[in-house]
Amino acid sequence: MAGAWEQVATELIETRYGALVGYATMLTGSRADAEDVVHDALVAVFGKRRNFANVGAAEGYVRRAIANKFLDKARKGGRERLAVRRVALDSEETVAGPESAALDRASIDAAMSQLTPQERACVAVRYMDQLSTREAAAALGLSEGAVKRYVYDGLRKLSAAMRLDIGAADPEWSAVSLKKESSS
Amino acid sequence: MSDELSRRLEQAASAHGRAAANEVDVSVLAASVVGKARRRRRVTGLATVAGAFVGIAAFAGGSFAVVDSMRADVNPGTHRDVSTVDMSQAPTAPESAIPSPPPNAIIAEYPPVAASRGEGFPEAYEMRDWVWDYVSEGWTVQSYSASEDLSVDKPAMVPDAVIYLVDPDGVAFELFELAPEHSVGARVVSWQENERTAHLVWAGDSTGVAPGGAVVDLENGAVKPLVFATPWGESSTVAPLAVSAAGNELWEAWLGTHQRFYRFAEADGWAVASINDLEGLSDRTADGRWDTAMLVDDSRLATRPDSGAVLLEYRPSRNGPLEDAKVYRVDTDTLVEVNVGFSFPIGPEVVCTTAEWLADAALTYDCGDQQATFPYPAFPETVAGASYGEAIVADSEWAVLNTSRVGFREATSVSYLVSPQLANK
């Protein structure tokens, strides 16, 4: 008989696998790499003696593990497979849908490819997982200051690439830049 | 806008996700993942048993079960405001066969030496209940953590983190080993001497272990994670802001964009801190709001060096000018006003940031190339904080990465930084 953690793992994969790969693709820039990272994260999270109350709680752990696995691979270097690719040009990943939506996805994929791995991870946990700066710092093993810098730099690049005004109005990081500039 | 960014990121992720889900047999994948995870769990279990057999990890296996059962205790079904950390169930110290010694008595005969934990860990004696009777001024509770990340395979014989009781001469008694999920960057925050408990924190890691804090029973190693039932739901993260010499603490609990502050006093337990009433303090997205101040390098909270006070600031926006400031007294749960008045003009482009707590009840702010000093009503300085999270630089691959110590009735100098090793990874 399957244990509670096995049921949660199975349900998570059966219902949320696509979402996890989608999240990881925003980090890696490649679906093949994303699938590898998701697989590693799932085994790592459920391989620990840990029980989850429900699928939602488990998904939170797995998403953090995905971001960390991605960052670890990027940090260790030499993992060219994880070099960002412009997935919008990858025909195997084209999905059916309105042209505008496909273009939108392509533009944000291209924009994300301009970011460093650290910037992508920080932007993802802040704006997809909705973690606070402090939570993001703890989850990614970075200092708060580093998270703020990566988010600020990442958003500046995204803002320019997507022609979105997303940098100036955010209350979380704009002050950091000013502080850095005024104190240097 | 950030909402628009979140929406577009989610849209793009969903598109990628739909394509992935359509091309994979998720049932097969689930079976594969569960199989691999099951094997990994078995390996972990065997390692734990092996460790216990040689007397090294006697507490580790049990700690898993303890954590799981305790989590349920502190996860209330309804939204109460304070964690239901109930120490009334803590076991009382068994009767000692040795009469209680006078204060500062010297131990004449030590227990057997504990098994060596490896490089970086102190040589220690086995703990005995009667040792508690000797504990007084000069004793410390210390943590030694060799855990960088649970995904890093290290020799099974090397523990993740160990808690010690150390006498004034540096003689250590090993209390217990922490479970792996509480070991990465583990640090002792405070010591409740009467209850024989301690508060500790740990960092998150790449395997999905979330950062957190807990009450740990120093007599049996039972760990109760600190989870606060905030008005917005159960907190996802907690962190200490200050621990005064009198044993009063200020902690911060986070949930998404919300934060809430809780005060601990050994006599009264946990309570909602008075500062939560400050405008906008709980809402990280509010434009004009009170917030805990950061020092000028933006790396640490502006907690006074004696850990008896925390600085709060009001700014009309995150990059706006400093309009008001208050000092929170940890021992009295009250706020005192800071006299914020600039003697020189401040241009709109200049952001003044906290620079330093001065000894004579004043704060300095750096404002571009000028410095302002603001006084506040004096209240007693206590004692210098104990070291906290002191890093040990070692050549060995599996050496201890960080330590912490909290002394008997001493304050704790609190730093918000994750351990240096993690920060620099």
# chains A, B, ... in the order shown; residues from 1 in each chain; ligands from 1

$ select_by_dssp --residues "stretch 181-344 of chain B" --states "helix (DSSP H, G or I)" --output "ChimeraX atom specification"
/B:181-182,274-277

$ residues_around --residues "A:Met128" --least-positions-apart "6" --cutoff "7 Å" --atoms "only C-alpha atoms" --output "list in words"
Ser6, Leu9 and Glu10 of chain B

$ closest_residue --among "B:Glu249, B:Asp333, B:Glu23, B:Glu195" --to "chain A" --atoms "only C-alpha atoms"
B:Glu23

$ atom_distance --atom1 "atom CA of B:Val327" --atom2 "atom CA of B:Ser190"
21.7 Å

$ residues_around --residues "B:Leu29" --least-positions-apart "3" --cutoff "10 Å" --atoms "only C-alpha atoms" --output "mmCIF file with N, CA and C atoms, in the first residue's frame"
data_model
loop_
_atom_site.group_PDB
_atom_site.id
_atom_site.type_symbol
_atom_site.label_atom_id
_atom_site.label_comp_id
_atom_site.auth_asym_id
_atom_site.auth_seq_id
_atom_site.Cartn_x
_atom_site.Cartn_y
_atom_site.Cartn_z
ATOM 1 N N THR A 10 2.617 11.176 -6.373
ATOM 2 C CA THR A 10 1.929 10.739 -7.592
ATOM 3 C C THR A 10 0.901 11.779 -8.034
ATOM 4 N N ILE A 13 2.607 14.881 -9.493
ATOM 5 C CA ILE A 13 3.143 14.694 -10.846
ATOM 6 C C ILE A 13 2.001 14.590 -11.858
ATOM 7 N N GLU A 14 0.964 13.870 -11.485
ATOM 8 C CA GLU A 14 -0.139 13.677 -12.428
ATOM 9 C C GLU A 14 -0.917 14.961 -12.695
ATOM 10 N N TYR A 17 2.572 18.313 -13.197
ATOM 11 C CA TYR A 17 3.855 18.146 -13.877
ATOM 12 C C TYR A 17 4.079 19.232 -14.935
ATOM 13 N N HIS A 39 12.768 16.606 -12.705
ATOM 14 C CA HIS A 39 12.946 15.223 -12.253
ATOM 15 C C HIS A 39 13.872 15.161 -11.038
ATOM 16 N N VAL B 24 4.264 13.704 -22.258
ATOM 17 C CA VAL B 24 4.843 12.789 -21.269
ATOM 18 C C VAL B 24 3.737 11.951 -20.645
ATOM 19 N N ASP B 25 4.024 10.670 -20.454
ATOM 20 C CA ASP B 25 3.096 9.815 -19.718
ATOM 21 C C ASP B 25 3.365 10.030 -18.240
ATOM 22 N N VAL B 26 2.547 10.844 -17.630
ATOM 23 C CA VAL B 26 2.833 11.251 -16.250
ATOM 24 C C VAL B 26 2.715 10.085 -15.275
ATOM 25 N N SER B 32 8.311 6.269 -11.746
ATOM 26 C CA SER B 32 9.773 6.353 -11.745
ATOM 27 C C SER B 32 10.279 7.215 -10.592
ATOM 28 N N VAL B 33 9.665 8.379 -10.416
ATOM 29 C CA VAL B 33 10.106 9.292 -9.357
ATOM 30 C C VAL B 33 9.877 8.666 -7.985
ATOM 31 N N VAL B 34 8.712 8.074 -7.798
ATOM 32 C CA VAL B 34 8.405 7.471 -6.495
ATOM 33 C C VAL B 34 9.383 6.337 -6.196
ATOM 34 N N GLY B 35 9.704 5.552 -7.212
ATOM 35 C CA GLY B 35 10.654 4.459 -7.013
ATOM 36 C C GLY B 35 12.021 4.965 -6.592
#

$ residues_around --residues "B:Val243" --least-positions-apart "3" --cutoff "8 Å" --atoms "only C-alpha atoms" --output "ChimeraX atom specification"
/B:189-190,240,247-250,307-308,330,411-414

$ write_last_selection --atoms "N, CA and C atoms" --output "mmCIF file, in the first residue's frame"
data_model
loop_
_atom_site.group_PDB
_atom_site.id
_atom_site.type_symbol
_atom_site.label_atom_id
_atom_site.label_comp_id
_atom_site.auth_asym_id
_atom_site.auth_seq_id
_atom_site.Cartn_x
_atom_site.Cartn_y
_atom_site.Cartn_z
ATOM 1 N N VAL B 189 19.654 30.745 18.667
ATOM 2 C CA VAL B 189 19.279 32.156 18.774
ATOM 3 C C VAL B 189 19.191 32.585 20.228
ATOM 4 N N SER B 190 18.608 31.740 21.058
ATOM 5 C CA SER B 190 18.418 32.116 22.461
ATOM 6 C C SER B 190 18.309 30.856 23.303
ATOM 7 N N PRO B 240 14.606 35.826 13.695
ATOM 8 C CA PRO B 240 14.734 36.658 14.882
ATOM 9 C C PRO B 240 15.254 38.050 14.525
ATOM 10 N N GLY B 247 16.316 38.210 28.138
ATOM 11 C CA GLY B 247 15.642 37.033 27.598
ATOM 12 C C GLY B 247 14.397 37.343 26.795
ATOM 13 N N ASN B 248 14.185 38.617 26.462
ATOM 14 C CA ASN B 248 13.037 38.984 25.638
ATOM 15 C C ASN B 248 13.450 39.019 24.170
ATOM 16 N N GLU B 249 12.552 38.573 23.316
ATOM 17 C CA GLU B 249 12.915 38.423 21.905
ATOM 18 C C GLU B 249 11.864 39.054 21.002
ATOM 19 N N LEU B 250 12.319 39.527 19.849
ATOM 20 C CA LEU B 250 11.413 39.994 18.799
ATOM 21 C C LEU B 250 11.675 39.151 17.556
ATOM 22 N N SER B 307 21.228 44.219 21.255
ATOM 23 C CA SER B 307 20.062 43.412 20.879
ATOM 24 C C SER B 307 18.840 43.758 21.728
ATOM 25 N N GLY B 308 18.848 44.952 22.306
ATOM 26 C CA GLY B 308 17.724 45.361 23.129
ATOM 27 C C GLY B 308 16.779 46.311 22.426
ATOM 28 N N VAL B 330 12.797 46.113 23.197
ATOM 29 C CA VAL B 330 12.421 44.698 23.245
ATOM 30 C C VAL B 330 11.965 44.300 24.652
ATOM 31 N N ALA B 411 22.695 38.431 25.957
ATOM 32 C CA ALA B 411 21.978 38.834 24.750
ATOM 33 C C ALA B 411 22.561 38.092 23.554
ATOM 34 N N THR B 412 21.862 38.190 22.440
ATOM 35 C CA THR B 412 22.354 37.561 21.221
ATOM 36 C C THR B 412 22.420 38.602 20.121
ATOM 37 N N SER B 413 23.560 38.719 19.516
ATOM 38 C CA SER B 413 23.692 39.630 18.388
ATOM 39 C C SER B 413 23.106 38.941 17.162
ATOM 40 N N VAL B 414 22.077 39.536 16.612
ATOM 41 C CA VAL B 414 21.329 38.880 15.552
ATOM 42 C C VAL B 414 21.729 39.432 14.193
#

$ residues_around --residues "B:Arg409" --least-positions-apart "4" --cutoff "8 Å" --atoms "only C-alpha atoms" --output "NGL selection string"
:B and (137 or 191 or 193 or 245-247)

$ residues_around --residues "B:Gly341" --least-positions-apart "4" --cutoff "12 Å" --atoms "only C-alpha atoms" --output "list in words"
Pro321, Leu322, Glu323, Asp324, Ala325, Glu337, Pro345, Ile346, Leu363, Thr364, Tyr365, Gln371, Ala372, Thr373, Phe374, Pro375 and Tyr376 of chain B

$ atom_distance --atom1 "atom CA of A:Val8" --atom2 "atom CA of A:Glu35"
19.3 Å

$ atom_distance --atom1 "atom CA of B:Ile163" --atom2 "atom CA of B:Glu177"
6.2 Å

$ closest_residue --among "B:Ser282, B:Asn194, B:Ser14, B:Asn339" --to "B:Ser136" --atoms "only C-alpha atoms"
B:Asn194
